[in-house]
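**Student:** I'm passing along coords_21.cif; it holds mmCIF, C-alpha atoms.
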```cif
data_structure
loop_
_atom_site.label_atom_id
_atom_site.label_comp_id
_atom_site.auth_asym_id
_atom_site.auth_seq_id
_atom_site.Cartn_x
_atom_site.Cartn_y
_atom_site.Cartn_z
CA MET A 168 12.47 69.41 -17.88
CA SER A 169 13.43 66.94 -15.20
CA THR A 170 17.00 66.00 -14.42
CA TRP A 171 16.90 62.59 -16.01
CA ALA A 172 15.46 64.07 -19.19
CA LYS A 173 18.29 66.60 -19.37
CA VAL A 174 20.86 63.87 -18.86
CA MET A 175 19.18 61.75 -21.48
CA GLU A 176 19.16 64.61 -23.95
CA SER A 177 22.86 65.16 -23.36
CA VAL A 178 23.56 61.48 -23.88
CA VAL A 179 21.57 61.38 -27.10
CA ARG A 180 23.12 64.53 -28.53
CA GLU A 181 26.70 64.12 -27.38
CA ARG A 182 27.46 60.48 -26.74
CA ARG A 183 25.24 58.68 -29.19
CA PRO A 184 27.76 58.46 -32.06
CA ALA A 185 30.42 57.03 -29.76
CA LEU A 186 27.91 54.55 -28.43
CA VAL A 187 26.98 53.52 -31.94
CA GLY A 188 30.66 52.91 -32.67
CA TYR A 189 30.94 50.87 -29.52
CA ALA A 190 27.84 48.88 -30.38
CA TYR A 191 29.23 48.31 -33.86
CA LEU A 192 32.22 46.57 -32.35
CA MET A 193 29.85 44.36 -30.43
CA THR A 194 27.52 43.54 -33.28
CA GLY A 195 29.41 44.07 -36.52
CA SER A 196 26.37 45.65 -38.08
CA ARG A 197 25.78 49.35 -38.39
CA THR A 198 22.01 49.03 -38.54
CA GLU A 199 21.87 46.76 -35.57
CA ALA A 200 24.25 48.98 -33.65
CA GLU A 201 21.99 52.00 -34.14
CA ASP A 202 18.96 50.00 -33.08
CA LEU A 203 20.80 48.61 -30.10
CA VAL A 204 21.93 52.01 -28.89
CA GLN A 205 18.50 53.56 -29.23
CA ASP A 206 16.98 50.65 -27.37
CA ALA A 207 19.57 50.77 -24.62
CA ILE A 208 19.23 54.51 -24.12
CA VAL A 209 15.46 54.42 -23.87
CA ARG A 210 15.50 51.40 -21.60
CA THR A 211 18.11 52.91 -19.33
CA PHE A 212 16.07 56.03 -18.72
CA ALA A 213 12.66 54.40 -18.82
CA ARG A 214 13.04 52.48 -15.61
CA GLY A 215 14.88 52.45 -12.39
CA ARG A 216 16.50 55.27 -10.57
CA ALA A 217 17.18 58.31 -12.63
CA LYS A 218 20.69 58.63 -13.94
CA THR A 219 22.03 61.93 -12.76
CA SER A 220 25.16 62.22 -14.85
CA VAL A 221 26.13 61.53 -18.42
CA VAL A 222 29.11 59.43 -17.38
CA GLN A 223 27.00 57.25 -15.14
CA ALA A 224 24.35 56.83 -17.80
CA GLU A 225 26.89 56.03 -20.50
CA ALA A 226 28.50 53.34 -18.37
CA TYR A 227 25.13 51.78 -17.77
CA ILE A 228 24.21 51.98 -21.45
CA LYS A 229 27.46 50.33 -22.45
CA ARG A 230 26.83 47.42 -20.16
CA ALA A 231 23.32 47.12 -21.50
CA ILE A 232 24.71 47.12 -25.04
CA ALA A 233 27.19 44.36 -24.24
CA ASN A 234 24.60 42.08 -22.74
CA GLU A 235 21.97 42.82 -25.34
CA ALA A 236 24.45 42.24 -28.14
CA ILE A 237 25.24 38.80 -26.75
CA ASN A 238 21.58 37.96 -26.40
CA ARG A 239 20.75 39.06 -29.92
CA ALA A 240 23.71 37.24 -31.42
CA ARG A 241 22.84 34.02 -29.65
CA HIS A 242 19.24 34.37 -30.72
CA ARG A 243 20.37 34.92 -34.28
CA MET A 244 22.54 31.81 -34.11
CA VAL A 245 19.58 29.72 -32.98
CA VAL A 246 17.47 31.11 -35.80
CA GLU A 247 20.22 30.38 -38.31
CA GLN A 248 20.50 26.83 -37.10
CA HIS A 249 16.83 26.20 -37.69
CA LYS A 250 16.56 28.08 -40.94
CA PRO A 251 16.14 25.93 -44.03
CA LEU A 252 19.06 25.98 -46.41
CA VAL A 253 18.45 28.30 -49.31
CA ALA A 254 20.81 28.87 -52.20
CA THR A 255 22.02 32.44 -52.32
CA SER A 256 23.93 34.25 -54.96
CA TYR A 257 27.59 34.76 -54.24
CA SER A 258 28.87 38.27 -54.40
CA ALA A 259 32.58 38.84 -54.20
CA PRO A 260 33.68 41.68 -51.96
CA GLY A 261 34.99 44.73 -53.68
CA HIS A 262 38.59 45.82 -53.89
CA GLU A 263 38.21 48.55 -51.29
CA TYR A 264 36.83 46.10 -48.86
CA MET A 265 39.64 43.66 -49.34
CA VAL A 266 42.47 46.13 -48.89
CA SER A 267 41.08 47.84 -45.85
CA ALA A 268 42.84 47.01 -42.62
CA GLN A 269 39.64 47.59 -40.75
CA ALA A 270 37.97 45.01 -42.92
CA ASP A 271 40.50 42.49 -41.67
CA LEU A 272 39.69 43.41 -38.13
CA GLU A 273 35.97 43.20 -38.75
CA ALA A 274 36.39 39.85 -40.43
CA ALA A 275 38.42 38.63 -37.50
CA LEU A 276 35.77 39.77 -35.06
CA GLU A 277 33.16 37.92 -37.04
CA VAL A 278 34.97 34.67 -36.29
CA LEU A 279 34.48 35.11 -32.56
CA SER A 280 31.48 33.81 -30.71
CA PRO A 281 29.20 36.45 -29.15
CA ARG A 282 30.69 36.11 -25.70
CA GLU A 283 34.25 35.95 -26.98
CA ARG A 284 33.58 39.10 -28.91
CA ALA A 285 32.02 40.84 -25.92
CA VAL A 286 34.85 40.01 -23.53
CA THR A 287 37.36 41.10 -26.15
CA ILE A 288 35.67 44.47 -26.58
CA LEU A 289 35.25 44.95 -22.85
CA LYS A 290 38.91 44.21 -22.31
CA TYR A 291 40.57 45.97 -25.21
CA VAL A 292 38.20 48.90 -25.62
CA ASP A 293 36.91 49.50 -22.10
CA ASP A 294 40.11 48.34 -20.40
CA LEU A 295 38.15 46.38 -17.86
CA THR A 296 39.77 43.83 -15.63
CA ILE A 297 38.85 40.18 -15.65
CA ALA A 298 36.78 40.63 -12.52
CA SER A 299 34.95 43.62 -13.94
CA ILE A 300 34.16 41.79 -17.16
CA ALA A 301 32.89 38.88 -15.15
CA ALA A 302 30.66 41.21 -13.17
CA VAL A 303 29.26 42.90 -16.27
CA LEU A 304 28.46 39.67 -18.07
CA LYS A 305 27.59 37.68 -14.95
CA LEU A 306 30.26 35.10 -15.59
CA ASN A 307 32.96 33.50 -13.52
CA ASP A 308 36.47 34.85 -13.70
CA GLY A 309 37.72 31.58 -15.10
CA THR A 310 35.09 31.61 -17.79
CA VAL A 311 36.09 35.11 -18.84
CA LYS A 312 39.73 34.04 -19.01
CA ARG A 313 38.79 31.09 -21.15
CA TYR A 314 36.78 33.25 -23.53
CA LEU A 315 39.63 35.73 -23.75
CA ALA A 316 42.15 33.00 -24.45
CA ASN A 317 39.98 31.46 -27.14
CA ALA A 318 39.39 34.86 -28.69
CA ALA A 319 43.10 35.60 -28.66
CA VAL A 320 43.86 32.36 -30.47
CA LYS A 321 41.25 33.07 -33.14
CA LEU A 322 42.36 36.67 -33.57
CA ARG A 323 45.97 35.61 -33.92
CA GLU A 324 44.98 33.19 -36.62
CA GLN A 325 43.22 35.98 -38.48
CA LEU A 326 45.44 38.97 -37.78
CA GLY A 327 48.83 37.53 -37.03
CA ASP A 328 50.74 36.76 -33.89
CA ASP A 329 51.54 40.35 -33.05
CA ALA A 330 47.95 41.48 -33.10
CA VAL A 331 46.96 40.28 -29.67
CA ASN A 332 49.00 40.59 -26.53
CA LEU A 333 47.74 38.81 -23.50
CA THR A 334 48.81 41.16 -20.77
CA GLU A 335 47.63 38.77 -18.10
CA ARG A 336 50.45 36.41 -18.86
CA VAL A 337 53.41 37.60 -16.93
CA THR A 338 56.65 35.87 -17.63
CA VAL A 339 58.56 35.24 -14.47
CA PRO A 340 62.26 34.71 -14.92
CA VAL A 341 63.42 31.51 -13.35
CA ILE A 342 67.05 30.98 -12.45
CA LEU A 343 68.10 27.41 -12.37
CA THR A 344 70.89 26.54 -10.04
CA GLU A 345 72.62 23.25 -9.52
CA SER A 346 71.64 21.43 -6.43
CA ARG A 347 74.52 20.45 -4.28
CA PRO A 348 74.44 17.19 -2.42
CA MET B 177 49.06 49.39 -34.02
CA ASP B 178 47.83 46.94 -31.45
CA LEU B 179 44.39 45.48 -31.16
CA SER B 180 43.12 48.04 -28.69
CA GLN B 181 44.06 50.93 -30.93
CA GLN B 182 42.56 49.23 -33.95
CA LEU B 183 39.30 48.67 -32.12
CA HIS B 184 39.19 52.25 -30.90
CA SER B 185 39.91 53.48 -34.40
CA LEU B 186 37.17 51.34 -35.90
CA ALA B 187 34.63 52.47 -33.31
CA SER B 188 35.63 56.08 -33.81
CA ASP B 189 35.27 55.84 -37.57
CA VAL B 190 31.85 54.28 -37.31
CA GLY B 191 30.80 56.84 -34.71
CA ASN B 192 31.97 59.76 -36.82
CA ASP B 193 30.24 58.35 -39.85
CA TYR B 194 27.06 57.99 -37.86
CA ALA B 195 27.36 61.52 -36.47
CA MET B 196 27.20 62.90 -40.01
CA SER B 197 23.69 61.57 -40.44
CA ALA B 198 22.48 61.19 -36.90
CA PRO B 199 18.75 61.81 -36.61
CA GLU B 200 17.49 64.62 -34.40
CA ASP B 201 15.11 62.50 -32.42
CA ALA B 202 16.16 63.29 -28.89
CA SER B 203 12.73 64.59 -27.96
CA ARG B 204 11.08 61.50 -29.41
CA LEU B 205 13.35 59.22 -27.39
CA ILE B 206 12.74 61.24 -24.24
CA GLY B 207 9.00 60.90 -24.77
CA LYS B 208 9.41 57.19 -25.24
CA ALA B 209 11.43 56.92 -22.05
CA ARG B 210 8.90 59.04 -20.19
CA ARG B 211 6.06 56.72 -21.18
CA GLY B 212 8.07 53.71 -20.10
CA ARG B 213 8.93 55.47 -16.90
CA MET B 214 5.27 56.10 -16.11
CA VAL B 215 4.47 52.43 -16.61
CA TRP B 216 7.42 51.37 -14.51
CA THR B 217 6.59 53.83 -11.73
CA SER B 218 2.94 52.86 -11.65
CA GLY B 219 3.89 49.19 -11.37
CA VAL B 220 6.27 49.72 -8.51
CA GLY B 221 3.92 52.24 -6.93
CA ALA B 222 1.07 49.75 -6.93
CA VAL B 223 3.22 47.20 -5.17
CA ALA B 224 4.28 49.76 -2.59
CA ALA B 225 0.66 50.83 -2.00
CA ALA B 226 -0.39 47.22 -1.54
CA GLY B 227 2.35 46.73 0.99
CA ALA B 228 1.39 49.87 2.84
CA ALA B 229 -2.26 48.84 2.88
CA THR B 230 -1.36 45.42 4.20
CA LEU B 231 0.64 46.93 6.97
CA ALA B 232 -2.09 49.43 7.75
CA PHE B 233 -4.83 46.84 8.09
CA GLY B 234 -2.81 43.97 9.39
CA GLY B 235 -0.60 45.95 11.68
CA PRO B 236 -3.04 46.64 14.56
CA ALA B 237 -4.03 43.00 14.81
CA VAL B 238 -0.41 41.96 15.05
CA ALA B 239 0.30 44.68 17.55
CA ALA B 240 -2.68 43.67 19.68
CA ALA B 241 -1.63 40.05 19.62
CA LEU B 242 1.92 40.82 20.57
CA SER B 243 0.97 43.21 23.36
CA GLY B 244 -1.29 40.62 24.94
CA ASP B 245 -4.56 42.47 24.68
CA THR B 246 -6.08 39.57 22.84
CA GLN B 247 -5.97 36.17 24.38
CA LEU B 248 -4.10 33.87 22.07
CA GLU B 249 -4.69 30.41 23.29
CA PRO B 250 -5.28 27.07 21.68
CA ALA B 251 -8.80 27.04 20.36
CA GLY B 252 -10.09 23.73 21.66
CA PRO B 253 -9.11 23.71 25.33
CA ALA B 254 -9.91 27.37 25.82
CA THR B 255 -13.45 26.89 24.61
CA GLU B 256 -13.99 23.84 26.71
CA SER B 257 -12.74 25.44 29.86
CA ALA B 258 -14.73 28.56 29.21
CA SER B 259 -17.91 26.73 28.50
CA VAL B 260 -17.69 24.23 31.34
CA THR B 261 -16.10 26.20 34.09
CA PRO B 262 -15.23 29.77 33.37
CA SER B 263 -11.94 30.07 35.20
CA PRO B 264 -11.06 33.49 36.52
CA SER B 265 -7.46 33.04 35.47
CA VAL B 266 -8.36 33.24 31.82
CA SER B 267 -10.53 36.31 32.14
CA PRO B 268 -9.91 38.31 35.29
CA SER B 269 -12.96 40.47 34.79
CA PRO B 270 -15.92 38.19 34.32
CA GLU B 271 -17.68 40.31 31.76
CA PRO B 272 -19.71 38.49 29.18
CA SER B 273 -18.24 40.58 26.41
CA VAL B 274 -14.72 39.38 27.12
CA THR B 275 -15.41 35.65 26.90
CA PRO B 276 -18.57 35.33 24.88
CA SER B 277 -18.23 31.65 24.14
CA PRO B 278 -21.70 30.13 24.37
CA THR B 279 -22.08 26.59 25.56
CA PRO B 280 -22.40 24.37 22.54
CA SER B 281 -25.64 22.53 22.42
CA PRO B 282 -25.33 18.74 22.55
CA GLY B 283 -25.19 17.11 19.18
CA VAL B 284 -24.03 20.24 17.42
CA ILE B 285 -20.50 20.20 16.13
CA ASP B 286 -18.69 23.46 16.55
CA LEU B 287 -17.12 23.95 13.15
CA THR B 288 -15.37 27.06 14.24
CA GLY B 289 -13.43 25.06 16.80
CA GLY B 290 -14.14 27.76 19.30
CA SER B 291 -11.46 29.93 17.88
CA THR B 292 -11.69 33.51 18.80
CA LEU B 293 -11.79 36.28 16.31
CA GLY B 294 -8.37 37.41 17.33
CA ASP B 295 -6.78 34.17 16.20
CA ASP B 296 -8.02 34.49 12.69
CA ASP B 297 -7.06 38.07 12.52
CA ASP B 298 -3.63 37.33 13.76
CA ASP B 299 -3.08 34.58 11.25
CA ASP B 300 -4.19 36.86 8.51
CA ALA B 301 -1.99 39.53 9.80
CA TYR B 302 1.05 37.32 9.73
CA GLU B 303 0.22 36.13 6.27
CA ASP B 304 -0.26 39.66 5.14
CA ASP B 305 3.01 40.61 6.66
CA ASP B 306 4.70 37.86 4.76
CA ASP B 307 3.11 39.10 1.62
CA ALA B 308 4.23 42.56 2.39
CA TYR B 309 7.78 41.40 2.81
CA GLU B 310 7.58 39.53 -0.45
CA ASP B 311 6.28 42.60 -2.13
CA ASP B 312 9.05 44.61 -0.63
CA ASP B 313 11.54 42.14 -1.94
CA ASP B 314 10.01 42.33 -5.34
CA SER B 315 10.04 46.05 -5.31
CA SER B 316 13.60 46.09 -4.15
CA ASP B 317 14.44 43.80 -7.02
CA ASP B 318 12.89 46.26 -9.34
CA ASP B 319 14.83 49.01 -7.73
CA ASP B 320 17.97 47.04 -8.04
CA SER B 321 17.26 46.44 -11.65
CA SER B 322 17.98 50.06 -12.16
CA ASP B 323 21.24 49.69 -10.37
CA ASP B 324 24.40 49.22 -12.19
CA ASP B 325 24.94 45.89 -10.54
CA ASP B 326 22.26 43.97 -12.27
CA SER B 327 22.01 45.63 -15.54
CA SER B 328 22.70 42.35 -17.17
CA ASP B 329 19.86 40.68 -15.35
CA ASP B 330 17.52 43.34 -16.22
CA ASP B 331 18.64 43.49 -19.74
CA SER B 332 18.55 39.81 -20.20
CA GLU B 333 14.97 39.84 -19.06
CA ASP B 334 14.27 42.64 -21.39
CA SER B 335 15.87 40.83 -24.20
CA GLU B 336 13.71 37.85 -23.49
CA ASP B 337 10.77 40.18 -23.65
CA ASP B 338 12.00 41.41 -26.94
#
```
Give the structure from this file in structure tokens form.

**Tutor:**
Amino acid sequence: MSTWAKVMESVVRERRPALVGYAYLMTGSRTEAEDLVQDAIVRTFARGRAKTSVVQAEAYIKRAIANEAINRARHRMVVEQHKPLVATSYSAPGHEYMVSAQADLEAALEVLSPRERAVTILKYVDDLTIASIAAVLKLNDGTVKRYLANAAVKLREQLGDDAVNLTERVTVPVILTESRP
Amino acid sequence: MDLSQQLHSLASDVGNDYAMSAPEDASRLIGKARRGRMVWTSGVGAVAAAGAATLAFGGPAVAAALSGDTQLEPAGPATESASVTPSPSVSPSPEPSVTPSPTPSPGVIDLTGGSTLGDDDDDDAYEDDDDAYEDDDDSSDDDDSSDDDDSSDDDSEDSEDD
């Protein structure tokens, strides 16, 4: 078995559940997360230079997941916009769903746009810097900051003011002194 | 619990839940990747072979032109001077094989413009070289697509394919 195949087998056996969890944060759908991870793993090893370590491959797969999640979400939004309106039956969520704290978080993430969601995950889960997020998503630094700020506002509305801390904002103490003529 | 911890917890829960029923399809995925890898390699390999062939066939002509073995002169004046008065400066050794430009018969238009074979070859060679460089660029793009730097590019293209 070649090196890349061994690395791929290790990724599939050891890191796949974590990647599915990561993809779930990006997509909000378990089924889509599984599909996304499988797709990203195969695509990562199907082309390009062989990945020689699990860490390297996982980093690449995560970036692929982030970008693919945005693409799929935007595609889904376009499809939804052009879909004819059809009456659907309303089903109230169950009690377990309502009381779960994670359900609140998932509902809050659903409010975000695909890119806002992606930059939020990349920042708060991967601990990436603004510049790194911009590099992963091929965006400008200012655009990433704007997405993060918008996401923070929406998440605060959903989860409360204490939920999101913008660590980029550094408060600088200013001492005012009287000017003497 | 801050947002980061909540997100980590959610991802961990989903991952653990998935791990309970994760399919054992590693070999199937590896086979899938291997097939894709063969297609990808054959595509890039074809481009590389074309570039190598271009260099192999176009290279000697370019080398000959650059080293001065072949006379690269403007087509029109060279033919006229050779046909009217074969000057020794153009061809030091007056062998017929070196300057085989026959005198055009009156009333016959020389469509070739009196260009020598070397000119055409050289033009082709330069064009081929350009192609080769383009191919190299393309192949390097493909190579880069495997890099970490342009995963998004690559993936975006893939997503468009999807």

**Student:** Show me, as a list in words, the residues that have an atom within 7 Å of B:Ala202 when counting only C-alpha atoms, minus same-chain residues fewer than 4 positions from it.

**Tutor:**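 Contacts, with the query itself left out: Glu176 and Val179 of chain A; Ile206 of chain B.
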
**Student:** Since I can't run it myself right now, could you work out what the PyMOL selection byres ((chain A and resi 219) around 10) selects here and report it as number ranges by chain?

**Tutor:** A: 170-175, 216-218, 220-224

**Student:** Considering only C-alpha atoms, extract the chain A residues located within 8 Å of chain B and return them as an MDAnalysis selection string.

**Tutor:** chainID A and resid 172 175:176 179:180 184:189 191:192 197 205 209:216 227 230:231 234:235 238:239 269 272 288 291:292 302:305 329:331

**Student:** In Å, how far is it from atom CA of A:Val245 to atom CA of A:Leu295?

**Tutor:**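 Straight-line distance from atom CA of A:Val245 to atom CA of A:Leu295 works out to 29.2 Å.
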
**Student:** Which distance in Å separates atom CA of A:Ile208 and atom CA of A:Leu315, to one decimal?

**Tutor:**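 Rounded to one decimal, the two atoms are 27.7 Å apart.
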
**Student:** Please report the interatomic distance between atom CA of A:Ala226 and atom CA of A:Gly195 in Å with one decimal.

**Tutor:**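 Pair atom CA of A:Ala226 / atom CA of A:Gly195 returns 20.4 Å.
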